[in-house]
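One file, entry_20.csv, carrying CSV, C-alpha atoms:
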```
chain,number,residue,atom,x,y,z
A,1,MET,CA,-13.9,11.7,43.9
A,2,ASN,CA,-11.7,8.7,45.0
A,3,ARG,CA,-14.3,6.3,43.7
A,4,LEU,CA,-14.2,8.1,40.3
A,5,ARG,CA,-10.4,7.9,40.2
A,6,HIS,CA,-10.5,4.2,41.0
A,7,ALA,CA,-13.1,3.6,38.3
A,8,LEU,CA,-11.0,5.5,35.7
A,9,LEU,CA,-7.9,3.6,36.8
A,10,ALA,CA,-9.8,0.3,36.4
A,11,LEU,CA,-10.8,1.3,32.8
A,12,SER,CA,-7.2,2.2,32.0
A,13,LEU,CA,-5.9,-1.1,33.2
A,14,ALA,CA,-8.7,-2.9,31.3
A,15,ALA,CA,-7.6,-1.2,28.1
A,16,ALA,CA,-4.0,-2.2,28.7
A,17,LEU,CA,-4.8,-5.8,29.4
A,18,PRO,CA,-4.4,-7.2,25.8
A,19,ALA,CA,-0.7,-6.1,25.8
A,20,LEU,CA,-0.2,-7.3,29.4
A,21,ALA,CA,-1.7,-10.6,28.6
A,22,GLY,CA,0.8,-11.2,25.8
A,23,GLU,CA,-1.3,-10.5,22.7
A,24,PRO,CA,0.8,-9.3,19.7
A,25,ALA,CA,1.4,-5.6,19.5
A,26,LEU,CA,0.3,-3.4,16.7
A,27,HIS,CA,3.0,-1.2,15.1
A,28,VAL,CA,2.1,1.9,13.0
A,29,VAL,CA,4.0,1.8,9.7
A,30,ALA,CA,2.1,4.5,7.8
A,31,GLU,CA,-0.7,6.9,8.4
A,32,THR,CA,-2.6,9.6,6.4
A,33,ARG,CA,-5.2,12.3,6.9
A,34,ASP,CA,-5.9,12.6,3.1
A,35,SER,CA,-6.7,9.1,2.0
A,36,VAL,CA,-8.7,6.0,2.9
A,37,TRP,CA,-6.3,3.1,2.2
A,38,ASN,CA,-8.0,-0.2,1.8
A,39,ALA,CA,-5.1,-2.2,0.4
A,40,VAL,CA,-1.4,-2.7,1.1
A,41,ALA,CA,1.5,-4.5,-0.5
A,42,ILE,CA,5.1,-5.0,0.5
A,43,ASP,CA,8.0,-5.6,-1.8
A,44,ASP,CA,11.2,-7.7,-1.1
A,45,ALA,CA,13.0,-4.5,0.1
A,46,SER,CA,10.2,-4.0,2.7
A,47,ARG,CA,8.8,-1.0,0.8
A,48,VAL,CA,5.2,-0.3,1.6
A,49,TYR,CA,2.6,0.4,-1.1
A,50,VAL,CA,-1.0,1.6,-0.4
A,51,ALA,CA,-4.1,2.2,-2.4
A,52,GLY,CA,-7.7,3.2,-2.1
A,53,PRO,CA,-10.8,4.2,-4.2
A,54,ARG,CA,-11.6,7.8,-4.8
A,55,TRP,CA,-15.3,7.3,-4.0
A,56,THR,CA,-14.4,7.1,-0.3
A,57,GLY,CA,-13.5,10.8,-0.3
A,58,SER,CA,-9.7,10.3,-0.6
A,59,ARG,CA,-7.8,13.4,-1.6
A,60,GLY,CA,-4.4,11.7,-1.9
A,61,PRO,CA,-3.0,9.6,-4.7
A,62,SER,CA,-4.9,6.4,-5.7
A,63,VAL,CA,-1.7,4.4,-5.4
A,64,ALA,CA,1.3,5.5,-3.3
A,65,ALA,CA,4.6,4.3,-2.1
A,66,VAL,CA,5.4,5.2,1.5
A,67,ASP,CA,8.9,6.7,1.8
A,68,ALA,CA,11.4,6.5,4.7
A,69,GLU,CA,9.8,9.6,6.3
A,70,GLY,CA,6.3,8.0,6.1
A,71,ARG,CA,5.1,10.2,3.3
A,72,ALA,CA,2.9,8.7,0.6
A,73,ARG,CA,4.3,9.5,-2.9
A,74,PRO,CA,2.2,8.9,-6.0
A,75,TRP,CA,3.2,5.6,-7.6
A,76,PRO,CA,4.3,4.6,-10.1
A,77,ASP,CA,4.2,8.3,-10.9
A,78,ALA,CA,2.0,11.4,-10.8
A,79,ALA,CA,0.6,10.9,-14.3
A,80,TRP,CA,-1.1,7.6,-13.4
A,81,ASN,CA,-2.6,9.3,-10.3
A,82,SER,CA,-3.8,12.3,-12.2
A,83,THR,CA,-7.4,13.5,-11.6
A,84,ASP,CA,-7.3,15.6,-14.7
A,85,ALA,CA,-10.4,14.6,-16.7
A,86,SER,CA,-8.6,15.5,-20.0
A,87,VAL,CA,-6.3,12.5,-19.4
A,88,PRO,CA,-7.8,9.4,-21.0
A,89,VAL,CA,-9.2,6.9,-18.5
A,90,GLU,CA,-7.0,4.2,-20.1
A,91,ARG,CA,-3.9,6.0,-18.8
A,92,ARG,CA,-4.9,7.0,-15.3
A,93,PHE,CA,-6.4,5.4,-12.2
A,94,VAL,CA,-10.1,6.0,-11.8
A,95,ASN,CA,-11.2,4.0,-8.8
A,96,VAL,CA,-8.6,1.5,-7.5
A,97,ASN,CA,-9.9,-1.2,-5.3
A,98,ALA,CA,-7.0,-3.6,-4.9
A,99,ILE,CA,-3.2,-4.1,-5.3
A,100,HIS,CA,-1.6,-7.5,-5.1
A,101,ARG,CA,1.8,-8.9,-5.8
A,102,ASP,CA,2.3,-11.7,-8.3
A,103,PRO,CA,5.0,-14.4,-7.9
A,104,ARG,CA,7.2,-12.8,-10.7
A,105,GLY,CA,8.1,-9.5,-9.1
A,106,GLY,CA,5.1,-7.4,-10.3
A,107,LEU,CA,2.5,-5.4,-8.5
A,108,TRP,CA,-1.0,-5.6,-10.0
A,109,ILE,CA,-3.4,-2.7,-9.6
A,110,VAL,CA,-7.1,-3.4,-10.0
A,111,ASP,CA,-8.9,-0.3,-11.3
A,112,THR,CA,-12.7,-0.9,-11.1
A,113,GLY,CA,-13.2,2.1,-13.5
A,114,VAL,CA,-16.5,3.0,-11.9
A,115,ASP,CA,-17.8,6.6,-11.7
A,116,GLY,CA,-18.7,6.1,-8.0
A,117,PHE,CA,-19.9,3.5,-5.5
A,118,GLY,CA,-22.9,1.6,-6.9
A,119,GLY,CA,-22.4,3.6,-10.1
A,120,SER,CA,-21.5,2.5,-13.6
A,121,VAL,CA,-18.2,1.4,-15.2
A,122,ILE,CA,-16.8,4.2,-17.4
A,123,PRO,CA,-16.1,2.9,-20.9
A,124,GLY,CA,-12.4,2.0,-21.1
A,125,ALA,CA,-11.7,2.7,-17.5
A,126,ALA,CA,-11.8,-0.8,-16.0
A,127,LYS,CA,-8.4,-2.3,-16.3
A,128,LEU,CA,-5.5,-4.2,-14.7
A,129,VAL,CA,-2.2,-2.4,-14.5
A,130,ARG,CA,1.0,-4.3,-13.7
A,131,VAL,CA,4.1,-2.4,-12.4
A,132,ASP,CA,7.5,-4.0,-12.3
A,133,LEU,CA,8.6,-3.6,-8.7
A,134,ALA,CA,12.3,-3.6,-9.6
A,135,SER,CA,12.1,-0.7,-12.0
A,136,GLY,CA,8.9,1.0,-10.8
A,137,ARG,CA,7.6,1.1,-14.4
A,138,VAL,CA,4.3,0.0,-15.8
A,139,ASP,CA,5.0,-3.0,-18.1
A,140,ARG,CA,1.4,-4.2,-18.8
A,141,VAL,CA,-2.1,-2.8,-19.0
A,142,ILE,CA,-4.9,-5.2,-19.6
A,143,PRO,CA,-8.3,-3.5,-20.4
A,144,LEU,CA,-11.4,-5.2,-19.1
A,145,PRO,CA,-13.9,-4.9,-22.0
A,146,ALA,CA,-17.6,-4.3,-21.5
A,147,ASP,CA,-18.5,-8.0,-21.6
A,148,ILE,CA,-16.2,-8.6,-18.7
A,149,ALA,CA,-16.4,-5.5,-16.6
A,150,ARG,CA,-20.1,-4.8,-17.2
A,151,THR,CA,-22.0,-1.7,-16.6
A,152,HIS,CA,-22.7,-2.4,-12.9
A,153,SER,CA,-19.5,-4.5,-12.2
A,154,TYR,CA,-17.2,-3.7,-9.4
A,155,VAL,CA,-14.1,-5.8,-10.1
A,156,ASP,CA,-12.8,-6.3,-6.6
A,157,ASP,CA,-9.5,-8.2,-6.2
A,158,ILE,CA,-7.0,-10.6,-7.8
A,159,ARG,CA,-5.0,-13.7,-7.1
A,160,PHE,CA,-2.7,-15.8,-9.3
A,161,HIS,CA,-1.8,-19.4,-10.1
A,162,GLY,CA,0.5,-20.4,-13.0
A,163,ASP,CA,-0.6,-18.6,-16.2
A,164,HIS,CA,-3.9,-17.6,-14.8
A,165,ALA,CA,-5.3,-14.8,-12.6
A,166,TYR,CA,-8.7,-14.9,-10.9
A,167,LEU,CA,-10.8,-11.9,-9.9
A,168,THR,CA,-14.1,-11.4,-8.1
A,169,ASP,CA,-16.9,-9.1,-9.2
A,170,ALA,CA,-18.6,-7.6,-6.2
A,171,GLY,CA,-21.1,-5.6,-8.3
A,172,ASP,CA,-22.4,-7.9,-11.1
A,173,PRO,CA,-21.9,-11.2,-9.2
A,174,GLY,CA,-19.4,-13.5,-10.8
A,175,LEU,CA,-15.8,-14.5,-11.2
A,176,ILE,CA,-13.3,-13.5,-13.9
A,177,VAL,CA,-10.6,-15.9,-15.2
A,178,LEU,CA,-7.7,-14.2,-16.9
A,179,ASP,CA,-5.3,-16.0,-19.2
A,180,LEU,CA,-2.0,-14.1,-18.4
A,181,THR,CA,-0.4,-15.3,-21.6
A,182,THR,CA,-3.0,-14.0,-24.0
A,183,GLY,CA,-4.6,-11.3,-21.9
A,184,LYS,CA,-8.0,-12.7,-22.6
A,185,ALA,CA,-10.6,-12.8,-19.8
A,186,ARG,CA,-13.9,-14.7,-19.4
A,187,ARG,CA,-16.6,-14.7,-16.8
A,188,VAL,CA,-17.8,-17.8,-14.9
A,189,LEU,CA,-20.3,-18.6,-12.2
A,190,ASP,CA,-22.3,-15.5,-13.2
A,191,GLY,CA,-25.3,-14.8,-10.9
A,192,THR,CA,-25.0,-18.1,-9.1
A,193,ARG,CA,-25.6,-18.6,-5.4
A,194,PHE,CA,-21.8,-19.0,-5.0
A,195,THR,CA,-21.1,-15.4,-6.2
A,196,THR,CA,-24.2,-13.6,-5.0
A,197,ALA,CA,-24.4,-12.0,-1.6
A,198,SER,CA,-26.3,-13.9,1.1
A,199,ASP,CA,-29.0,-12.2,3.3
A,200,ARG,CA,-26.6,-11.8,6.2
A,201,ASP,CA,-26.1,-8.2,7.6
A,202,ILE,CA,-22.7,-6.6,7.8
A,203,VAL,CA,-22.5,-5.4,11.4
A,204,LEU,CA,-19.8,-3.1,12.9
A,205,GLY,CA,-20.1,-1.5,16.4
A,206,GLY,CA,-23.4,-3.2,16.8
A,207,GLN,CA,-24.9,-1.3,13.8
A,208,VAL,CA,-25.9,-2.7,10.4
A,209,VAL,CA,-24.0,-1.1,7.6
A,210,ARG,CA,-26.4,0.5,5.1
A,211,ALA,CA,-26.0,1.5,1.5
A,212,PRO,CA,-26.7,5.1,0.5
A,213,ASP,CA,-30.4,4.3,-0.2
A,214,GLY,CA,-30.8,3.1,3.4
A,215,SER,CA,-31.0,-0.6,2.6
A,216,ALA,CA,-28.7,-3.1,4.3
A,217,LEU,CA,-25.4,-3.2,2.4
A,218,ARG,CA,-24.9,-6.3,0.3
A,219,VAL,CA,-21.6,-7.1,-1.4
A,220,ASN,CA,-21.3,-9.9,-3.9
A,221,ALA,CA,-18.2,-12.0,-4.7
A,222,ASP,CA,-15.4,-10.2,-2.9
A,223,PRO,CA,-12.7,-12.1,-0.9
A,224,LEU,CA,-10.6,-14.8,-2.6
A,225,GLU,CA,-7.5,-16.9,-2.1
A,226,VAL,CA,-5.5,-19.6,-3.8
A,227,SER,CA,-4.0,-22.5,-1.8
A,228,PRO,CA,-0.2,-22.5,-1.6
A,229,ASP,CA,0.0,-25.5,-3.9
A,230,GLY,CA,-2.3,-23.9,-6.4
A,231,ARG,CA,-4.9,-26.6,-6.3
A,232,TRP,CA,-7.8,-24.8,-4.7
A,233,PHE,CA,-9.4,-21.5,-5.4
A,234,TYR,CA,-11.4,-20.1,-2.4
A,235,PHE,CA,-14.0,-17.4,-2.6
A,236,ALA,CA,-17.1,-15.8,-1.1
A,237,SER,CA,-19.4,-12.8,-1.0
A,238,LEU,CA,-18.3,-10.4,1.8
A,239,GLU,CA,-21.1,-11.8,4.0
A,240,GLY,CA,-20.0,-15.5,3.5
A,241,PRO,CA,-20.2,-18.5,3.4
A,242,TRP,CA,-17.0,-19.5,1.6
A,243,TRP,CA,-16.8,-21.9,-1.4
A,244,ARG,CA,-13.9,-23.7,-3.1
A,245,ILE,CA,-13.2,-25.1,-6.6
A,246,GLU,CA,-10.2,-26.7,-8.1
A,247,THR,CA,-8.2,-24.3,-10.3
A,248,ARG,CA,-8.0,-26.9,-13.0
A,249,TYR,CA,-11.7,-26.5,-13.6
A,250,LEU,CA,-11.6,-22.7,-13.6
A,251,ASP,CA,-8.7,-22.9,-16.1
A,252,ASP,CA,-10.7,-25.1,-18.5
A,253,ALA,CA,-12.3,-22.7,-20.9
A,254,SER,CA,-14.2,-25.6,-22.6
A,255,LEU,CA,-16.1,-26.6,-19.5
A,256,PRO,CA,-19.8,-25.7,-19.8
A,257,SER,CA,-21.1,-23.4,-17.0
A,258,LYS,CA,-23.4,-26.0,-15.4
A,259,ALA,CA,-20.5,-28.5,-15.3
A,260,LEU,CA,-18.3,-25.9,-13.7
A,261,GLU,CA,-21.0,-25.2,-11.0
A,262,ALA,CA,-21.1,-28.9,-10.2
A,263,HIS,CA,-17.4,-28.7,-9.1
A,264,VAL,CA,-18.0,-26.0,-6.5
A,265,GLU,CA,-18.2,-27.2,-3.0
A,266,PRO,CA,-18.7,-25.6,0.5
A,267,TRP,CA,-15.5,-24.7,2.4
A,268,LEU,CA,-15.9,-22.6,5.5
A,269,ASP,CA,-18.9,-20.8,7.0
A,270,LEU,CA,-17.2,-17.6,8.1
A,271,PRO,CA,-18.9,-14.3,9.3
A,272,PRO,CA,-18.7,-11.1,7.2
A,273,VAL,CA,-15.0,-10.3,6.6
A,274,GLY,CA,-13.2,-7.1,5.8
A,275,GLY,CA,-10.1,-8.7,4.1
A,276,THR,CA,-8.1,-11.9,3.9
A,277,THR,CA,-4.7,-13.3,3.1
A,278,MET,CA,-3.2,-16.8,3.1
A,279,ASP,CA,0.2,-17.9,4.3
A,280,GLY,CA,2.5,-20.6,2.9
A,281,LYS,CA,1.0,-23.2,5.2
A,282,GLY,CA,-2.6,-22.6,3.9
A,283,ASN,CA,-3.8,-20.8,7.0
A,284,LEU,CA,-6.4,-18.2,6.1
A,285,TYR,CA,-6.1,-14.9,8.0
A,286,PHE,CA,-9.4,-12.9,8.0
A,287,THR,CA,-10.8,-9.9,9.7
A,288,ASP,CA,-14.0,-10.4,11.6
A,289,LEU,CA,-15.9,-7.2,11.1
A,290,ALA,CA,-18.4,-7.6,13.9
A,291,THR,CA,-15.7,-8.0,16.6
A,292,ASP,CA,-12.8,-5.9,15.3
A,293,SER,CA,-10.7,-9.1,15.3
A,294,LEU,CA,-8.0,-10.7,13.3
A,295,ARG,CA,-8.7,-14.5,13.1
A,296,ARG,CA,-7.0,-17.5,11.5
A,297,ALA,CA,-8.5,-20.6,10.0
A,298,THR,CA,-6.2,-23.6,9.6
A,299,PRO,CA,-6.5,-26.0,6.6
A,300,ASP,CA,-8.4,-28.5,8.8
A,301,GLY,CA,-11.0,-25.8,9.7
A,302,HIS,CA,-9.9,-24.9,13.2
A,303,ILE,CA,-10.4,-21.1,13.9
A,304,ASP,CA,-8.6,-19.1,16.5
A,305,THR,CA,-8.5,-15.4,17.3
A,306,ILE,CA,-5.1,-13.7,17.1
A,307,LEU,CA,-6.1,-10.2,18.2
A,308,THR,CA,-9.2,-8.2,19.1
A,309,ASP,CA,-8.6,-4.5,19.2
A,310,ALA,CA,-10.8,-1.4,18.6
A,311,ARG,CA,-8.1,-0.1,16.3
A,312,LEU,CA,-8.9,-2.9,13.9
A,313,HIS,CA,-12.2,-1.4,12.8
A,314,TRP,CA,-12.9,-2.8,9.3
A,315,VAL,CA,-9.4,-4.0,8.4
A,316,ASP,CA,-9.3,-4.6,4.6
A,317,ALA,CA,-6.9,-6.5,2.3
A,318,PRO,CA,-3.9,-7.4,4.6
A,319,ALA,CA,-0.6,-8.7,3.2
A,320,PHE,CA,2.5,-10.6,4.5
A,321,ASP,CA,6.0,-9.4,3.8
A,322,ALA,CA,9.0,-11.7,3.1
A,323,GLN,CA,9.7,-12.0,6.8
A,324,GLY,CA,6.2,-13.2,7.6
A,325,ARG,CA,5.0,-10.0,9.3
A,326,LEU,CA,1.4,-9.1,8.6
A,327,PHE,CA,0.5,-5.6,7.4
A,328,LEU,CA,-3.1,-4.4,8.1
A,329,PRO,CA,-4.7,-1.4,6.4
A,330,VAL,CA,-7.6,0.0,8.4
A,331,PRO,CA,-9.8,2.1,6.1
A,332,GLN,CA,-12.9,2.1,8.4
A,333,MET,CA,-15.0,1.7,5.3
A,334,ASP,CA,-18.3,1.8,7.1
A,335,ARG,CA,-17.4,5.3,8.4
A,336,VAL,CA,-17.0,7.0,5.0
A,337,ALA,CA,-19.7,9.5,4.0
A,338,LEU,CA,-21.5,7.2,1.6
A,339,PHE,CA,-22.5,4.9,4.5
A,340,GLN,CA,-23.1,7.7,7.1
A,341,HIS,CA,-25.8,9.8,5.5
A,342,GLY,CA,-23.3,12.0,3.7
A,343,LYS,CA,-21.1,12.9,6.7
A,344,ALA,CA,-18.0,10.8,7.3
A,345,THR,CA,-17.2,9.6,10.8
A,346,THR,CA,-13.7,8.4,9.9
A,347,GLN,CA,-11.3,8.5,12.9
A,348,TRP,CA,-8.2,10.1,11.5
A,349,PRO,CA,-5.5,9.3,10.8
A,350,VAL,CA,-6.2,6.3,8.7
A,351,ARG,CA,-3.4,3.8,9.5
A,352,VAL,CA,-1.6,0.7,8.3
A,353,TYR,CA,-0.4,-1.4,11.1
A,354,ARG,CA,2.2,-4.2,11.3
A,355,LEU,CA,1.6,-7.3,13.4
A,356,ASP,CA,4.3,-9.9,14.2
A,357,VAL,CA,2.0,-12.9,14.0
A,358,PRO,CA,2.6,-15.6,16.5
A,359,ARG,CA,3.2,-18.9,14.7
```

Give the structure from the file, written as C-alpha cells.
Amino acid sequence: MNRLRHALLALSLAAALPALAGEPALHVVAETRDSVWNAVAIDDASRVYVAGPRWTGSRGPSVAAVDAEGRARPWPDAAWNSTDASVPVERRFVNVNAIHRDPRGGLWIVDTGVDGFGGSVIPGAAKLVRVDLASGRVDRVIPLPADIARTHSYVDDIRFHGDHAYLTDAGDPGLIVLDLTTGKARRVLDGTRFTTASDRDIVLGGQVVRAPDGSALRVNADPLEVSPDGRWFYFASLEGPWWRIETRYLDDASLPSKALEAHVEPWLDLPPVGGTTMDGKGNLYFTDLATDSLRRATPDGHIDTILTDARLHWVDAPAFDAQGRLFLPVPQMDRVALFQHGKATTQWPVRVYRLDVPR
C-alpha cells in the first residue's frame, strides 16, 4: 500500500512539474458544454468572442460574445444565429469556421455555407459578414458566388493587408483574394501543390485522425498569415509544409496563373498544425497537434516550444489581445462524432484559455 501511495504521489508531482518549472500558466477565460469553439477574437475592451461550425454537433450559437458572468450570448444578435430553416441563408450563419479582426475595428465572420463536413456549399450561404465592434452591428455582407465558393469548397480563414483580404479554401484547394473596395473576389493557385494537402498524417494522441469514410483525414489550404509589414503572405495545408509569396503578386489581378506560381517559395517545414497567429515582430505561434504543444517560429526560422500540456489538445485559431496575451480555443476537433465513428469523445467543458506569453 505504501508503495502504491508513493507511486501516486510521484505521478501527481510529475503532473505539477510544468508549473513548478516556471512554464506559463493557462487561465480559463470561457467554457461551454453546448458548443465546440474553434475560433476566438478579442476587442480593444478585452471582450471575448467565440465561434464554431454546427457540423461539430454544437448546440449553442454559431457566434457568441462572452459576458462578464462567462455566458455565451448570440452575437451580433439572435437573428443571425437562427437555426430556423425559413430564414434565408443569406441572413443567418450556416457553418461558421473563422472569426478575425481587421485593422479598422471590424470583426469578420467566415461562413463556409456548407451543409455538413465534406458536404456541399448551399447556394447563397457562403459569405463574409463584417460586424462593427464599436456598435455591434453588421455593416457589410459579402456573398461568395459559386465560382468562388465552389460546390466542394470549405472557405477556411481570412487575413488582411491594405485594401485586400486573403482566404484559404480547405475543400477545393486554392486561395481567394478579395478586393475590399469593390467586394469582388478571385481564385488563385487552384489545385496546385502549394494549396493541396500533402500525404502526411494528422496524428493526435498517437492516433491518425480519420475522415468519416475511414481514410486518413486530409485538409487542403488552411492556416495563413500576413507579415507585420504586409510584404509576405504565408500559407499551407493543415499538414504542411508552409509557403510564402509577396502580397504584391497576389494583389495583381493581371498576373497569369503560371507567373503567380513562379513567385511562390518555400518558407517553413512545420508539422500538422491546429491554428496559428502572428505577433507584431513576425513571430509565428502555432499549435503542434501531435504533441499538444504551443510553439513559436521566429522570422529567422528558429523554433522553440512555449508550453506542452494535455489540455492543449487540438488548439485552433488563437488570437492576441491588445495587451499581448494569447487566447487559445481548444475545440478538440478530432474528438467530435464525425471523426469518432459517430460517437463524440469530447472532454467537456470545451474551453478558451489565456496564456501570458513570455517574451

Please list as a compact mmCIF listing (two decimals) with C-alpha atoms, keeping the file's coordinate frame every residue within 8 Å of stretch 293-297 of chain A, counting all atoms listed in the file and excluding residues in the same chain fewer than 6 positions away.
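Dumped to part_1.txt:
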```
# COMPACT_ATOMS: atom_id res chain seq x y z
CA ASN A 283 -3.80 -20.80 7.00
CA LEU A 284 -6.40 -18.20 6.10
CA TYR A 285 -6.10 -14.90 8.00
CA PHE A 286 -9.40 -12.90 8.00
CA THR A 287 -10.80 -9.90 9.70
CA ILE A 303 -10.40 -21.10 13.90
CA ASP A 304 -8.60 -19.10 16.50
CA THR A 305 -8.50 -15.40 17.30
CA ILE A 306 -5.10 -13.70 17.10
CA LEU A 307 -6.10 -10.20 18.20
CA THR A 308 -9.20 -8.20 19.10
CA ASP A 309 -8.60 -4.50 19.20
CA LEU A 312 -8.90 -2.90 13.90
```

Stretch 239-333 of chain A near stretch 44-68 of chain A within 8 Å: what's each residue's closest atom pair and its distance in Å to one decimal, counting all atoms listed in the file, ordered by chain then ascending residue number, as a Markdown table?
```
| residue | atom | partner | partner_atom | distance |
| --- | --- | --- | --- | --- |
| A:Asp321 | CA | A:Ser46 | CA | 6.9 |
| A:Ala322 | CA | A:Asp44 | CA | 6.2 |
| A:Met333 | CA | A:Thr56 | CA | 7.8 |
```

Name all residues at most 7 Å from stretch 173-177 of chain A (count all atoms listed in the file; drop same-chain ones fewer than 2 positions away) and give them as a compact mmCIF listing (two decimals) with C-alpha atoms, in the frame of the given file.
```
# COMPACT_ATOMS: atom_id res chain seq x y z
CA HIS A 164 -3.90 -17.60 -14.80
CA ALA A 165 -5.30 -14.80 -12.60
CA TYR A 166 -8.70 -14.90 -10.90
CA LEU A 167 -10.80 -11.90 -9.90
CA THR A 168 -14.10 -11.40 -8.10
CA ASP A 169 -16.90 -9.10 -9.20
CA ALA A 170 -18.60 -7.60 -6.20
CA GLY A 171 -21.10 -5.60 -8.30
CA ASP A 179 -5.30 -16.00 -19.20
CA ALA A 185 -10.60 -12.80 -19.80
CA ARG A 186 -13.90 -14.70 -19.40
CA ARG A 187 -16.60 -14.70 -16.80
CA VAL A 188 -17.80 -17.80 -14.90
CA LEU A 189 -20.30 -18.60 -12.20
CA ASP A 190 -22.30 -15.50 -13.20
CA GLY A 191 -25.30 -14.80 -10.90
CA THR A 195 -21.10 -15.40 -6.20
CA THR A 196 -24.20 -13.60 -5.00
CA ASN A 220 -21.30 -9.90 -3.90
CA ALA A 221 -18.20 -12.00 -4.70
```

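Ranking A:Leu128, A:Leu133, A:Ala72, A:Ala262 by their shortest atom-to-atom distance to A:Pro145, with only C-alpha atoms included, puts A:Leu128 first.
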
**Q.** Between atom CA of A:Thr192 and atom CA of A:Gly274, distance in Å (one decimal)
**A.** 22.0 Å

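Among the candidates A:His100, A:His341, A:Arg335, A:Lys127, the one nearest to A:Asp43 when counting all atoms listed in the file is A:His100.
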
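A straight line drawn from atom CA of A:Leu224 to atom CA of A:Leu107 is 17.2 Å long.
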
List the neighbours of A:Gln332 out to 12 Å using only C-alpha atoms; skip same-chain residues closer than 6 positions along the sequence, and give me the result as a JSON list (two decimals) with C-alpha atoms, keeping the file's coordinate frame.
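Now in out_35.json:
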```json
[["chain", "number", "residue", "atom", "x", "y", "z"],
["A", 35, "SER", "CA", -6.70, 9.10, 2.00],
["A", 36, "VAL", "CA", -8.70, 6.00, 2.90],
["A", 37, "TRP", "CA", -6.30, 3.10, 2.20],
["A", 38, "ASN", "CA", -8.00, -0.20, 1.80],
["A", 39, "ALA", "CA", -5.10, -2.20, 0.40],
["A", 52, "GLY", "CA", -7.70, 3.20, -2.10],
["A", 56, "THR", "CA", -14.40, 7.10, -0.30],
["A", 204, "LEU", "CA", -19.80, -3.10, 12.90],
["A", 205, "GLY", "CA", -20.10, -1.50, 16.40],
["A", 209, "VAL", "CA", -24.00, -1.10, 7.60],
["A", 274, "GLY", "CA", -13.20, -7.10, 5.80],
["A", 275, "GLY", "CA", -10.10, -8.70, 4.10],
["A", 289, "LEU", "CA", -15.90, -7.20, 11.10],
["A", 292, "ASP", "CA", -12.80, -5.90, 15.30],
["A", 310, "ALA", "CA", -10.80, -1.40, 18.60],
["A", 311, "ARG", "CA", -8.10, -0.10, 16.30],
["A", 312, "LEU", "CA", -8.90, -2.90, 13.90],
["A", 313, "HIS", "CA", -12.20, -1.40, 12.80],
["A", 314, "TRP", "CA", -12.90, -2.80, 9.30],
["A", 315, "VAL", "CA", -9.40, -4.00, 8.40],
["A", 316, "ASP", "CA", -9.30, -4.60, 4.60],
["A", 339, "PHE", "CA", -22.50, 4.90, 4.50],
["A", 340, "GLN", "CA", -23.10, 7.70, 7.10],
["A", 344, "ALA", "CA", -18.00, 10.80, 7.30],
["A", 345, "THR", "CA", -17.20, 9.60, 10.80],
["A", 346, "THR", "CA", -13.70, 8.40, 9.90],
["A", 347, "GLN", "CA", -11.30, 8.50, 12.90],
["A", 348, "TRP", "CA", -8.20, 10.10, 11.50],
["A", 349, "PRO", "CA", -5.50, 9.30, 10.80],
["A", 350, "VAL", "CA", -6.20, 6.30, 8.70],
["A", 351, "ARG", "CA", -3.40, 3.80, 9.50],
["A", 352, "VAL", "CA", -1.60, 0.70, 8.30]]
```

Q.
Using only C-alpha atoms for the distances, tell me which of A:Phe327, A:Trp80, A:Phe117, A:Trp267 is nearest to A:Tyr353.
A. A:Phe327

**Q.** Length of the atom CA of A:Ala290 to atom CA of A:Glu239 vector [Å]
**A.** 11.1 Å

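Considering all atoms listed in the file, the residue among A:Arg91, A:Arg231, A:His263, A:His302 positioned nearest to A:Arg140 is A:Arg91.
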
Work out where the centre of an axis-aligned box around every listed atom of stretch 259-276 of chain A lies and how long its edges are once 3 Å is added on each side; give both in Å to one decimal as JSON.
```
{"center_x": -14.6, "center_y": -18.0, "center_z": -3.0, "size_x": 19.0, "size_y": 27.8, "size_z": 30.6}
```

Q) Between A:Leu328, A:Val226, A:Val138, A:Leu144, which has the minimum distance to A:Gly282 (counting all atoms listed in the file)? A) A:Val226
